[in-house]
file protein15.cif (mmCIF, C-alpha atoms and all ligand atoms)
data_input
#
loop_
_atom_site.group_PDB
_atom_site.id
_atom_site.type_symbol
_atom_site.label_atom_id
_atom_site.label_comp_id
_atom_site.auth_asym_id
_atom_site.auth_seq_id
_atom_site.Cartn_x
_atom_site.Cartn_y
_atom_site.Cartn_z
ATOM 1 C CA MET A 1 2.659 -7.758 3.182
ATOM 2 C CA ILE A 2 5.622 -6.515 5.171
ATOM 3 C CA GLY A 3 8.317 -8.774 3.844
ATOM 4 C CA ARG A 4 11.577 -7.390 5.045
ATOM 5 C CA ILE A 5 13.048 -4.350 6.676
ATOM 6 C CA HIS A 6 15.683 -2.185 5.090
ATOM 7 C CA LEU A 7 17.779 0.404 6.755
ATOM 8 C CA ALA A 8 18.588 3.259 4.447
ATOM 9 C CA SER A 9 22.111 4.474 4.502
ATOM 10 C CA LEU A 10 23.495 7.961 4.711
ATOM 11 C CA PHE A 11 21.997 10.290 2.144
ATOM 12 C CA VAL A 12 23.469 13.730 1.799
ATOM 13 C CA PHE A 13 21.120 16.481 0.633
ATOM 14 C CA CYS A 14 23.260 19.544 1.108
ATOM 15 C CA ALA A 15 26.247 20.767 3.032
ATOM 16 C CA ILE A 16 25.904 20.134 6.756
ATOM 17 C CA SER A 17 26.751 23.780 7.352
ATOM 18 C CA ALA A 18 23.762 25.037 5.327
ATOM 19 C CA ALA A 19 21.273 25.481 8.152
ATOM 20 C CA GLY A 20 17.618 24.921 7.262
ATOM 21 C CA CYS A 21 18.484 23.199 4.014
ATOM 22 C CA GLY A 22 16.355 20.132 3.235
ATOM 23 C CA PRO A 23 14.954 18.137 0.345
ATOM 24 C CA SER A 24 12.206 19.495 -1.885
ATOM 25 C CA GLY A 25 9.183 17.275 -2.338
ATOM 26 C CA ILE A 26 7.525 15.874 -5.451
ATOM 27 C CA GLN A 27 3.899 16.775 -6.282
ATOM 28 C CA LEU A 28 0.824 14.551 -6.249
ATOM 29 C CA ASP A 29 0.245 12.876 -9.627
ATOM 30 C CA SER A 30 3.544 14.082 -11.062
ATOM 31 C CA SER A 31 5.406 11.586 -13.256
ATOM 32 C CA ASN A 32 8.880 10.761 -11.939
ATOM 33 C CA VAL A 33 10.806 8.688 -14.443
ATOM 34 C CA GLY A 34 14.123 7.306 -13.224
ATOM 35 C CA VAL A 35 16.647 4.522 -13.584
ATOM 36 C CA LEU A 36 18.220 2.258 -10.995
ATOM 37 C CA ASP A 37 21.840 1.803 -12.021
ATOM 38 C CA VAL A 38 25.272 1.016 -10.656
ATOM 39 C CA ALA A 39 25.938 4.659 -9.792
ATOM 40 C CA ASP A 40 23.053 4.688 -7.279
ATOM 41 C CA GLU A 41 23.205 4.266 -3.545
ATOM 42 C CA LYS A 42 22.579 0.773 -2.184
ATOM 43 C CA LEU A 43 20.438 -0.541 0.634
ATOM 44 C CA LYS A 44 22.217 -2.797 3.073
ATOM 45 C CA ASP A 45 21.310 -5.980 1.168
ATOM 46 C CA GLY A 46 22.676 -4.573 -2.090
ATOM 47 C CA GLU A 47 19.549 -3.248 -3.849
ATOM 48 C CA TYR A 48 20.056 0.043 -5.683
ATOM 49 C CA VAL A 49 17.776 2.834 -4.472
ATOM 50 C CA ASP A 50 16.568 6.271 -5.603
ATOM 51 C CA TYR A 51 15.116 8.513 -2.897
ATOM 52 C CA TYR A 52 12.163 10.865 -3.310
ATOM 53 C CA PHE A 53 10.426 13.196 -0.858
ATOM 54 C CA TYR A 54 6.806 14.120 -0.361
ATOM 55 C CA GLU A 55 5.388 16.752 1.953
ATOM 56 C CA GLY A 56 2.513 14.934 3.650
ATOM 57 C CA LYS A 57 -0.263 16.013 5.989
ATOM 58 C CA THR A 58 -1.634 14.265 9.082
ATOM 59 C CA GLY A 59 -4.282 11.675 8.153
ATOM 60 C CA GLU A 60 -3.637 11.928 4.413
ATOM 61 C CA ILE A 61 -3.892 8.651 2.485
ATOM 62 C CA VAL A 62 -1.546 8.207 -0.465
ATOM 63 C CA VAL A 63 -0.976 5.517 -3.079
ATOM 64 C CA LEU A 64 2.644 5.015 -4.155
ATOM 65 C CA ASP A 65 3.084 3.313 -7.525
ATOM 66 C CA VAL A 66 6.351 2.158 -9.047
ATOM 67 C CA VAL A 67 5.924 0.685 -12.531
ATOM 68 C CA ARG A 68 8.785 -0.603 -14.709
ATOM 69 C CA THR A 69 9.086 1.286 -17.995
ATOM 70 C CA ASP A 70 9.027 -0.372 -21.439
ATOM 71 C CA GLY A 71 12.011 -2.644 -21.925
ATOM 72 C CA SER A 72 13.009 -2.531 -18.256
ATOM 73 C CA LYS A 73 13.552 -5.837 -16.421
ATOM 74 C CA LEU A 74 13.291 -4.255 -12.987
ATOM 75 C CA ASP A 75 11.158 -5.928 -10.317
ATOM 76 C CA PRO A 76 10.065 -2.727 -8.524
ATOM 77 C CA TYR A 77 9.885 -2.437 -4.722
ATOM 78 C CA VAL A 78 8.894 0.634 -2.721
ATOM 79 C CA ILE A 79 9.609 1.683 0.865
ATOM 80 C CA LEU A 80 8.052 4.549 2.826
ATOM 81 C CA PHE A 81 10.185 5.930 5.638
ATOM 82 C CA THR A 82 9.479 8.054 8.694
ATOM 83 C CA PRO A 83 9.104 11.793 7.990
ATOM 84 C CA ASN A 84 11.694 14.469 8.687
ATOM 85 C CA ALA A 85 14.463 11.912 9.034
ATOM 86 C CA TYR A 86 16.887 13.588 6.646
ATOM 87 C CA ALA A 87 18.537 15.579 9.407
ATOM 88 C CA GLU A 88 19.352 12.309 11.171
ATOM 89 C CA THR A 89 20.693 10.704 8.010
ATOM 90 C CA GLU A 90 22.919 13.711 7.396
ATOM 91 C CA ALA A 91 24.409 13.040 10.783
ATOM 92 C CA GLY A 92 25.028 9.415 9.763
ATOM 93 C CA GLY A 93 21.933 8.024 11.491
ATOM 94 C CA LEU A 94 19.381 5.602 10.106
ATOM 95 C CA VAL A 95 15.812 6.213 9.001
ATOM 96 C CA THR A 96 13.084 3.718 9.802
ATOM 97 C CA PRO A 97 10.684 2.205 7.280
ATOM 98 C CA ILE A 98 6.965 2.624 8.001
ATOM 99 C CA ALA A 99 5.678 0.340 5.250
ATOM 100 C CA GLU A 100 6.866 -1.355 2.091
ATOM 101 C CA ASP A 101 5.533 -3.266 -0.896
ATOM 102 C CA ASP A 102 6.814 -5.576 -3.602
ATOM 103 C CA ASP A 103 4.021 -6.773 -5.880
ATOM 104 C CA SER A 104 0.643 -5.190 -5.035
ATOM 105 C CA GLY A 105 0.472 -3.493 -8.422
ATOM 106 C CA ALA A 106 -0.135 -5.394 -11.667
ATOM 107 C CA ASP A 107 2.590 -7.595 -13.158
ATOM 108 C CA GLY A 108 5.024 -7.527 -10.218
ATOM 109 C CA ASN A 109 4.977 -3.741 -9.949
ATOM 110 C CA ALA A 110 4.948 -2.136 -6.499
ATOM 111 C CA ARG A 111 1.925 -0.349 -5.061
ATOM 112 C CA LEU A 112 1.796 0.841 -1.479
ATOM 113 C CA ILE A 113 -1.240 2.425 0.146
ATOM 114 C CA ALA A 114 -0.362 4.327 3.296
ATOM 115 C CA ARG A 115 -1.846 6.714 5.813
ATOM 116 C CA LEU A 116 0.443 9.501 6.909
ATOM 117 C CA ALA A 117 0.322 9.812 10.688
ATOM 118 C CA GLU A 118 1.874 13.275 10.966
ATOM 119 C CA ASP A 119 2.811 16.370 8.987
ATOM 120 C CA GLY A 120 6.264 16.189 7.498
ATOM 121 C CA MET A 121 8.604 15.546 4.614
ATOM 122 C CA TYR A 122 8.362 11.798 3.970
ATOM 123 C CA GLN A 123 11.272 9.903 2.429
ATOM 124 C CA ILE A 124 10.436 7.236 -0.166
ATOM 125 C CA GLY A 125 12.860 4.647 -1.503
ATOM 126 C CA VAL A 126 12.290 3.355 -5.029
ATOM 127 C CA THR A 127 14.252 0.126 -5.205
ATOM 128 C CA SER A 128 14.162 -3.461 -6.506
ATOM 129 C CA LYS A 129 13.178 -6.843 -5.139
ATOM 130 C CA ALA A 130 16.608 -8.434 -5.501
ATOM 131 C CA ALA A 131 20.111 -7.063 -5.014
ATOM 132 C CA GLY A 132 21.873 -5.588 -8.037
ATOM 133 C CA GLU A 133 18.808 -5.137 -10.270
ATOM 134 C CA THR A 134 18.986 -2.223 -12.703
ATOM 135 C CA GLY A 135 16.414 -0.705 -15.052
ATOM 136 C CA GLY A 136 13.940 2.094 -15.681
ATOM 137 C CA TYR A 137 10.788 2.913 -13.748
ATOM 138 C CA GLU A 138 8.054 5.510 -13.357
ATOM 139 C CA PHE A 139 7.084 6.590 -9.830
ATOM 140 C CA LYS A 140 3.844 8.401 -8.956
ATOM 141 C CA ILE A 141 2.003 9.386 -5.790
ATOM 142 C CA ARG A 142 -1.785 9.565 -6.140
ATOM 143 C CA THR A 143 -4.898 9.852 -3.982
ATOM 144 C CA PRO A 144 -7.140 6.790 -3.330
ATOM 145 C CA GLU A 145 -10.034 8.570 -5.075
ATOM 146 C CA GLN A 146 -8.104 8.404 -8.333
ATOM 147 C CA TYR A 147 -8.467 4.605 -8.177
ATOM 148 C CA GLY A 148 -12.121 4.520 -7.070
ATOM 149 C CA PHE A 149 -11.230 3.210 -3.587
ATOM 150 C CA LYS A 150 -13.965 3.724 -0.981
ATOM 151 C CA THR A 151 -13.538 4.951 2.577
ATOM 152 C CA ALA A 152 -15.147 2.645 5.160
ATOM 153 C CA LYS A 153 -16.216 3.283 8.754
ATOM 154 C CA ILE A 154 -16.772 1.073 11.795
ATOM 155 C CA GLY A 155 -20.454 0.245 12.292
ATOM 156 C CA GLU A 156 -21.341 0.711 8.607
ATOM 157 C CA SER A 157 -22.456 -1.700 5.877
ATOM 158 C CA TYR A 158 -21.829 -1.327 2.165
ATOM 159 C CA GLU A 159 -23.714 -2.867 -0.763
ATOM 160 C CA GLY A 160 -21.301 -3.650 -3.574
ATOM 161 C CA SER A 161 -20.794 -5.951 -6.509
ATOM 162 C CA VAL A 162 -17.683 -7.708 -7.787
ATOM 163 C CA GLU A 163 -17.693 -7.094 -11.537
ATOM 164 C CA LYS A 164 -15.399 -7.572 -14.541
ATOM 165 C CA ASP A 165 -14.535 -3.866 -14.742
ATOM 166 C CA ASP A 166 -13.450 -3.635 -11.086
ATOM 167 C CA TYR A 167 -9.926 -2.903 -9.928
ATOM 168 C CA LYS A 168 -7.694 -5.603 -11.399
ATOM 169 C CA ILE A 169 -4.670 -7.350 -9.870
ATOM 170 C CA GLY A 170 -3.498 -10.220 -12.079
ATOM 171 C CA GLU A 171 -6.650 -12.117 -13.058
ATOM 172 C CA ASP A 172 -8.562 -11.065 -9.939
ATOM 173 C CA ARG A 173 -11.016 -8.162 -9.562
ATOM 174 C CA TRP A 174 -11.515 -6.308 -6.296
ATOM 175 C CA ASP A 175 -13.544 -3.625 -4.587
ATOM 176 C CA ILE A 176 -11.150 -1.773 -2.309
ATOM 177 C CA TYR A 177 -12.227 -0.213 1.009
ATOM 178 C CA LEU A 178 -9.886 1.850 3.154
ATOM 179 C CA LEU A 179 -10.461 1.803 6.905
ATOM 180 C CA THR A 180 -8.564 3.843 9.481
ATOM 181 C CA LEU A 181 -8.309 2.248 12.936
ATOM 182 C CA LYS A 182 -7.228 3.905 16.140
ATOM 183 C CA LYS A 183 -4.675 2.172 18.360
ATOM 184 C CA GLY A 184 -6.305 -0.730 20.217
ATOM 185 C CA GLU A 185 -9.382 -0.908 17.993
ATOM 186 C CA LYS A 186 -10.496 -4.333 16.831
ATOM 187 C CA VAL A 187 -13.082 -4.979 14.099
ATOM 188 C CA THR A 188 -14.743 -7.898 12.388
ATOM 189 C CA VAL A 189 -15.193 -7.591 8.634
ATOM 190 C CA THR A 190 -17.872 -9.728 6.983
ATOM 191 C CA MET A 191 -18.522 -10.122 3.273
ATOM 192 C CA GLU A 192 -21.814 -11.826 2.579
ATOM 193 C CA PRO A 193 -22.968 -12.703 -0.964
ATOM 194 C CA SER A 194 -26.345 -11.159 -1.865
ATOM 195 C CA ALA A 195 -28.992 -12.818 -4.048
ATOM 196 C CA ALA A 196 -27.617 -13.115 -7.595
ATOM 197 C CA PRO A 197 -29.444 -11.581 -10.569
ATOM 198 C CA GLU A 198 -31.781 -13.943 -12.496
ATOM 199 C CA GLY A 199 -29.849 -16.635 -14.400
ATOM 200 C CA GLN A 200 -26.542 -15.914 -12.654
ATOM 201 C CA GLU A 201 -24.722 -17.968 -10.024
ATOM 202 C CA GLN A 202 -24.202 -16.428 -6.616
ATOM 203 C CA LEU A 203 -20.828 -14.813 -5.952
ATOM 204 C CA ASP A 204 -18.295 -16.957 -4.078
ATOM 205 C CA ALA A 205 -17.012 -14.172 -1.821
ATOM 206 C CA PHE A 206 -13.328 -13.738 -0.995
ATOM 207 C CA LEU A 207 -11.917 -11.308 1.544
ATOM 208 C CA GLN A 208 -8.338 -10.164 1.948
ATOM 209 C CA ILE A 209 -6.492 -7.522 3.945
ATOM 210 C CA ASP A 210 -3.486 -5.940 2.308
ATOM 211 C CA SER A 211 -0.893 -3.193 2.606
ATOM 212 C CA VAL A 212 -1.212 -2.897 6.333
ATOM 213 C CA GLU A 213 1.162 -0.915 8.452
ATOM 214 C CA LEU A 214 3.478 -2.506 10.968
ATOM 215 C CA GLY A 215 1.816 -3.544 14.208
ATOM 216 C CA VAL A 216 -1.554 -4.625 12.796
ATOM 217 C CA ASP A 217 -2.708 -8.149 13.452
ATOM 218 C CA VAL A 218 -5.013 -9.814 10.907
ATOM 219 C CA ALA A 219 -6.587 -13.240 11.366
ATOM 220 C CA ASP A 220 -7.029 -15.465 8.304
ATOM 221 C CA SER A 221 -10.340 -15.156 6.514
ATOM 222 C CA GLU A 222 -12.735 -17.998 7.189
ATOM 223 C CA GLU A 223 -15.965 -18.992 5.542
ATOM 224 C CA ILE A 224 -19.057 -19.267 7.726
ATOM 225 C CA GLY A 225 -22.292 -20.210 5.980
ATOM 226 C CA GLY A 226 -21.206 -18.732 2.644
ATOM 227 C CA ALA A 227 -19.977 -15.458 4.169
ATOM 228 C CA GLU A 228 -16.303 -14.621 4.563
ATOM 229 C CA THR A 229 -15.232 -13.087 7.830
ATOM 230 C CA LEU A 230 -12.009 -11.913 9.460
ATOM 231 C CA THR A 231 -10.809 -9.871 12.414
ATOM 232 C CA ILE A 232 -8.358 -6.967 12.356
ATOM 233 C CA HIS A 233 -6.635 -5.604 15.466
ATOM 234 C CA ALA A 234 -4.600 -2.373 15.481
ATOM 235 C CA GLU A 235 -2.413 -3.511 18.340
ATOM 236 C CA GLU A 236 0.441 -1.056 18.363
ATOM 237 C CA SER A 237 -0.677 2.178 16.706
ATOM 238 C CA ASP A 238 -3.323 3.929 14.599
ATOM 239 C CA ALA A 239 -3.397 2.177 11.243
ATOM 240 C CA LEU A 240 -4.757 2.260 7.717
ATOM 241 C CA VAL A 241 -6.184 -1.058 6.571
ATOM 242 C CA GLN A 242 -6.931 -1.962 2.969
ATOM 243 C CA ILE A 243 -9.919 -4.320 2.765
ATOM 244 C CA LYS A 244 -10.200 -6.168 -0.545
ATOM 245 C CA ALA A 245 -13.588 -7.669 -1.425
ATOM 246 C CA GLY A 246 -13.288 -10.097 -4.322
ATOM 247 C CA HIS A 247 -14.205 -13.448 -5.828
ATOM 248 C CA ALA A 248 -12.950 -16.958 -4.926
ATOM 249 C CA GLY A 249 -13.037 -18.586 -8.381
ATOM 250 C CA THR A 250 -12.669 -17.062 -11.840
ATOM 251 C CA ILE A 251 -14.255 -13.680 -12.608
ATOM 252 C CA GLU A 252 -17.112 -15.543 -14.352
ATOM 253 C CA ASN A 253 -18.221 -16.009 -10.743
ATOM 254 C CA HIS A 254 -19.105 -12.356 -10.002
ATOM 255 C CA GLY A 255 -22.033 -10.585 -8.399
ATOM 256 C CA PRO A 256 -23.437 -8.543 -5.512
ATOM 257 C CA TYR A 257 -22.474 -8.666 -1.822
ATOM 258 C CA LYS A 258 -22.843 -6.803 1.452
ATOM 259 C CA LEU A 259 -19.755 -5.777 3.422
ATOM 260 C CA THR A 260 -20.150 -5.062 7.147
ATOM 261 C CA ILE A 261 -17.552 -3.600 9.495
ATOM 262 C CA ALA A 262 -18.418 -4.183 13.142
ATOM 263 C CA LYS A 263 -16.610 -3.356 16.364
ATOM 264 C CA ALA A 264 -15.208 -6.527 17.960
ATOM 265 C CA GLU A 265 -14.365 -7.221 21.619
HETATM 266 CA CA CA A 301 18.896 6.250 -10.009
HETATM 267 CA CA CA A 302 7.867 -6.171 -7.363
HETATM 268 CA CA CA A 303 -17.456 -3.410 -7.766
#

call {"tool": "encode", "arguments": {"input": "protein15.cif", "output": "structure tokens"}}
result
Amino acid sequence: MIGRIHLASLFVFCAISAAGCGPSGIQLDSSNVGVLDVADEKLKDGEYVDYYFYEGKTGEIVVLDVVRTDGSKLDPYVILFTPNAYAETEAGGLVTPIAEDDDSGADGNARLIARLAEDGMYQIGVTSKAAGETGGYEFKIRTPEQYGFKTAKIGESYEGSVEKDDYKIGEDRWDIYLLTLKKGEKVTVTMEPSAAPEGQEQLDAFLQIDSVELGVDVADSEEIGGAETLTIHAEESDALVQIKAGHAGTIENHGPYKLTIAKAE
């Protein structure tokens, strides 16, 4: 989850005197191939960084993927910053990270799922896990639908099944549900195994919350009578929560389940 906080340094887009001048954004699903190298700017802990911009809309959910290219030894890391901050950075100020990710993609690659809270030009830092890393990468912004992620609502239940062709992270398969919470809302998420098909063992359910924004409190998942349950509390602000419904053992242990999202006190 949120591992560390970076403060981006000054980034000059155009002459200070050029009024109204700002960065131009990249498009959804466009391929942005780049290299982190010694000529790049550095974050304060010494990681090289390339900055990109995306014109986002209020409530939009985006998936940011940074994948190392063939032959690259980079351990990709991605940071999403507050929108419309470039004017402050031109004046020597600092921009604030909203969310960041190291390894949510496959094979150590970075994948961040975020909800954009306001209209604006968002700044994104493509960087590395450790200081001084160099190498090639491809950066893309996509919609959750492009990955088959489902949108969940409070008070609803969903029948699903963890299967071998589900979304893969390492050796684990997941069904991904995206839930938007308003500030102060608290929910209990329960994943209950359903009766297994004839001749198949019942799923050993596993529940995880990932890629949450700052200010969201998540209790550890606990098993109660075969069902996994956990509580999420959006303490400080509206928040996007990524609910991952998966399997506890190997993927040989797959099967159907029911996921319920209930309002908690
Ligand atoms: Ca670069
Ligand atoms: Ca990484
Ligand atoms: Ca599934």

call {"tool": "closest_atom_pairs", "arguments": {"input": "protein15.cif", "of": "chain A", "to": "ligand CA 302 (chain A)", "cutoff": "12 Å", "atoms": "all atoms listed in the file", "output": "tab-separated table"}}
result
residue	atom	partner	partner_atom	distance
A:Met1	CA	A:CA302	CA	11.9
A:Gly3	CA	A:CA302	CA	11.5
A:Asp65	CA	A:CA302	CA	10.6
A:Val66	CA	A:CA302	CA	8.6
A:Val67	CA	A:CA302	CA	8.8
A:Arg68	CA	A:CA302	CA	9.3
A:Lys73	CA	A:CA302	CA	10.7
A:Leu74	CA	A:CA302	CA	8.0
A:Asp75	CA	A:CA302	CA	4.4
A:Pro76	CA	A:CA302	CA	4.2
A:Tyr77	CA	A:CA302	CA	5.0
A:Val78	CA	A:CA302	CA	8.3
A:Ile79	CA	A:CA302	CA	11.5
A:Glu100	CA	A:CA302	CA	10.7
A:Asp101	CA	A:CA302	CA	7.5
A:Asp102	CA	A:CA302	CA	4.0
A:Asp103	CA	A:CA302	CA	4.2
A:Ser104	CA	A:CA302	CA	7.7
A:Gly105	CA	A:CA302	CA	7.9
A:Ala106	CA	A:CA302	CA	9.1
A:Asp107	CA	A:CA302	CA	8.0
A:Gly108	CA	A:CA302	CA	4.3
A:Asn109	CA	A:CA302	CA	4.6
A:Ala110	CA	A:CA302	CA	5.1
A:Arg111	CA	A:CA302	CA	8.6
A:Leu112	CA	A:CA302	CA	11.0
A:Val126	CA	A:CA302	CA	10.8
A:Thr127	CA	A:CA302	CA	9.2
A:Ser128	CA	A:CA302	CA	6.9
A:Lys129	CA	A:CA302	CA	5.8
A:Ala130	CA	A:CA302	CA	9.2
A:Glu133	CA	A:CA302	CA	11.4
A:Tyr137	CA	A:CA302	CA	11.5

call {"tool": "residues_around", "arguments": {"input": "protein15.cif", "residues": "Ser161 in chain A", "least_positions_apart": "6", "cutoff": "6 Å", "atoms": "only C-alpha atoms", "output": "ChimeraX atom specification"}}
result
/A:255-257

call {"tool": "write_last_selection", "arguments": {"input": "protein15.cif", "atoms": "C-alpha atoms", "output": "compact mmCIF listing (two decimals), in the frame of the given file"}}
result
# COMPACT_ATOMS: atom_id res chain seq x y z
CA GLY A 255 -22.03 -10.58 -8.40
CA PRO A 256 -23.44 -8.54 -5.51
CA TYR A 257 -22.47 -8.67 -1.82

call {"tool": "residues_near_ligand", "arguments": {"input": "protein15.cif", "ligand": "ligand CA 303 (chain A)", "cutoff": "7 Å", "atoms": "all atoms listed in the file", "output": "PyMOL selection string"}}
result
chain A and resi 160-163+166+174-175

call {"tool": "closest_residue", "arguments": {"input": "protein15.cif", "among": "A:Ser24, A:Thr143, A:Thr180, A:Gln200", "to": "Tyr122 in chain A", "atoms": "all atoms listed in the file"}}
result
A:Ser24

call {"tool": "closest_residue", "arguments": {"input": "protein15.cif", "among": "A:Phe139, A:Tyr147, A:Phe81, A:Tyr167", "to": "ligand CA 301 (chain A)", "atoms": "only C-alpha atoms and all ligand atoms"}}
result
A:Phe139

call {"tool": "residues_near_ligand", "arguments": {"input": "protein15.cif", "ligand": "ligand CA 301 (chain A)", "cutoff": "12 Å", "atoms": "all atoms listed in the file", "output": "list of chain:residue names"}}
result
A:Asn32, A:Val33, A:Gly34, A:Val35, A:Leu36, A:Asp37, A:Val38, A:Ala39, A:Asp40, A:Glu41, A:Lys42, A:Glu47, A:Tyr48, A:Val49, A:Asp50, A:Tyr51, A:Tyr52, A:Gly125, A:Val126, A:Thr127, A:Ser128, A:Glu133, A:Thr134, A:Gly135, A:Gly136, A:Tyr137, A:Glu138, A:Phe139

call {"tool": "closest_atom_pairs", "arguments": {"input": "protein15.cif", "of": "range 13-64 of chain A", "to": "range 226-250 of chain A", "cutoff": "12 Å", "atoms": "all atoms listed in the file", "output": "JSON lines"}}
result
{"residue": "A:Thr58", "atom": "CA", "partner": "A:Asp238", "partner_atom": "CA", "distance": 11.8}
{"residue": "A:Gly59", "atom": "CA", "partner": "A:Leu240", "partner_atom": "CA", "distance": 9.4}
{"residue": "A:Glu60", "atom": "CA", "partner": "A:Leu240", "partner_atom": "CA", "distance": 10.3}
{"residue": "A:Ile61", "atom": "CA", "partner": "A:Leu240", "partner_atom": "CA", "distance": 8.3}
{"residue": "A:Val62", "atom": "CA", "partner": "A:Leu240", "partner_atom": "CA", "distance": 10.6}
{"residue": "A:Val63", "atom": "CA", "partner": "A:Gln242", "partner_atom": "CA", "distance": 11.3}

call {"tool": "atom_distance", "arguments": {"input": "protein15.cif", "atom1": "CA of Ser221 in chain A", "atom2": "CA of Thr188 in chain A"}}
result
10.3 Å

call {"tool": "closest_residue", "arguments": {"input": "protein15.cif", "among": "A:Ile261, A:Phe149, A:Ile141, A:Phe206", "to": "Leu181 in chain A", "atoms": "all atoms listed in the file"}}
result
A:Ile261

call {"tool": "atom_distance", "arguments": {"input": "protein15.cif", "atom1": "CA of Pro83 in chain A", "atom2": "CA of Lys57 in chain A"}}
result
10.5 Å

call {"tool": "atom_distance", "arguments": {"input": "protein15.cif", "atom1": "CA of Ala99 in chain A", "atom2": "CA of Asp172 in chain A"}}
result
23.7 Å

call {"tool": "closest_residue", "arguments": {"input": "protein15.cif", "among": "A:Ala131, A:Ile124, A:Ala196, A:Leu80", "to": "Phe53 in chain A", "atoms": "all atoms listed in the file"}}
result
A:Ile124

call {"tool": "closest_residue", "arguments": {"input": "protein15.cif", "among": "A:Glu118, A:Gly199, A:Gln123, A:Asn253", "to": "Arg173 in chain A", "atoms": "all atoms listed in the file"}}
result
A:Asn253

call {"tool": "decode", "arguments": {"input": "protein15.cif", "residues": "range 98-116 of chain A", "atoms": "N, CA and C atoms", "output": "mmCIF file, in the first residue's frame"}}
result
data_model
loop_
_atom_site.group_PDB
_atom_site.id
_atom_site.type_symbol
_atom_site.label_atom_id
_atom_site.label_comp_id
_atom_site.auth_asym_id
_atom_site.auth_seq_id
_atom_site.Cartn_x
_atom_site.Cartn_y
_atom_site.Cartn_z
ATOM 1 N N ILE A 98 -0.998 11.931 -4.061
ATOM 2 C CA ILE A 98 -2.313 11.445 -3.637
ATOM 3 C C ILE A 98 -2.203 9.952 -3.340
ATOM 4 N N ALA A 99 -1.502 9.234 -4.191
ATOM 5 C CA ALA A 99 -1.401 7.780 -4.059
ATOM 6 C C ALA A 99 -0.159 7.313 -4.803
ATOM 7 N N GLU A 100 0.332 6.136 -4.425
ATOM 8 C CA GLU A 100 1.513 5.616 -5.105
ATOM 9 C C GLU A 100 1.523 4.091 -5.046
ATOM 10 N N ASP A 101 2.291 3.486 -5.934
ATOM 11 C CA ASP A 101 2.341 2.020 -5.959
ATOM 12 C C ASP A 101 3.710 1.539 -6.424
ATOM 13 N N ASP A 102 4.124 0.414 -5.847
ATOM 14 C CA ASP A 102 5.382 -0.211 -6.248
ATOM 15 C C ASP A 102 5.123 -1.460 -7.107
ATOM 16 N N ASP A 103 4.435 -2.448 -6.535
ATOM 17 C CA ASP A 103 4.438 -3.781 -7.138
ATOM 18 C C ASP A 103 3.062 -4.400 -7.380
ATOM 19 N N SER A 104 2.016 -3.601 -7.561
ATOM 20 C CA SER A 104 0.687 -4.210 -7.744
ATOM 21 C C SER A 104 0.474 -4.836 -9.125
ATOM 22 N N GLY A 105 1.343 -4.526 -10.059
ATOM 23 C CA GLY A 105 1.276 -5.191 -11.360
ATOM 24 C C GLY A 105 2.000 -6.538 -11.266
ATOM 25 N N ALA A 106 2.092 -7.248 -12.374
ATOM 26 C CA ALA A 106 2.809 -8.525 -12.382
ATOM 27 C C ALA A 106 4.314 -8.264 -12.334
ATOM 28 N N ASP A 107 5.069 -9.176 -11.687
ATOM 29 C CA ASP A 107 6.516 -9.200 -11.829
ATOM 30 C C ASP A 107 7.208 -7.912 -11.344
ATOM 31 N N GLY A 108 6.690 -7.339 -10.251
ATOM 32 C CA GLY A 108 7.320 -6.142 -9.690
ATOM 33 C C GLY A 108 6.965 -4.848 -10.390
ATOM 34 N N ASN A 109 6.137 -4.927 -11.432
ATOM 35 C CA ASN A 109 5.735 -3.709 -12.136
ATOM 36 C C ASN A 109 4.685 -2.947 -11.324
ATOM 37 N N ALA A 110 4.590 -1.649 -11.576
ATOM 38 C CA ALA A 110 3.702 -0.792 -10.781
ATOM 39 C C ALA A 110 2.329 -0.667 -11.435
ATOM 40 N N ARG A 111 1.292 -0.773 -10.617
ATOM 41 C CA ARG A 111 -0.073 -0.565 -11.093
ATOM 42 C C ARG A 111 -0.860 0.148 -10.005
ATOM 43 N N LEU A 112 -1.345 1.321 -10.329
ATOM 44 C CA LEU A 112 -2.086 2.119 -9.358
ATOM 45 C C LEU A 112 -3.497 2.349 -9.878
ATOM 46 N N ILE A 113 -4.486 2.045 -9.033
ATOM 47 C CA ILE A 113 -5.871 2.321 -9.395
ATOM 48 C C ILE A 113 -6.318 3.499 -8.546
ATOM 49 N N ALA A 114 -6.813 4.538 -9.183
ATOM 50 C CA ALA A 114 -7.141 5.752 -8.432
ATOM 51 C C ALA A 114 -8.420 6.393 -8.927
ATOM 52 N N ARG A 115 -9.112 7.034 -8.005
ATOM 53 C CA ARG A 115 -10.302 7.810 -8.338
ATOM 54 C C ARG A 115 -9.921 9.281 -8.295
ATOM 55 N N LEU A 116 -10.276 9.992 -9.347
ATOM 56 C CA LEU A 116 -9.901 11.398 -9.419
ATOM 57 C C LEU A 116 -11.010 12.227 -8.777
#
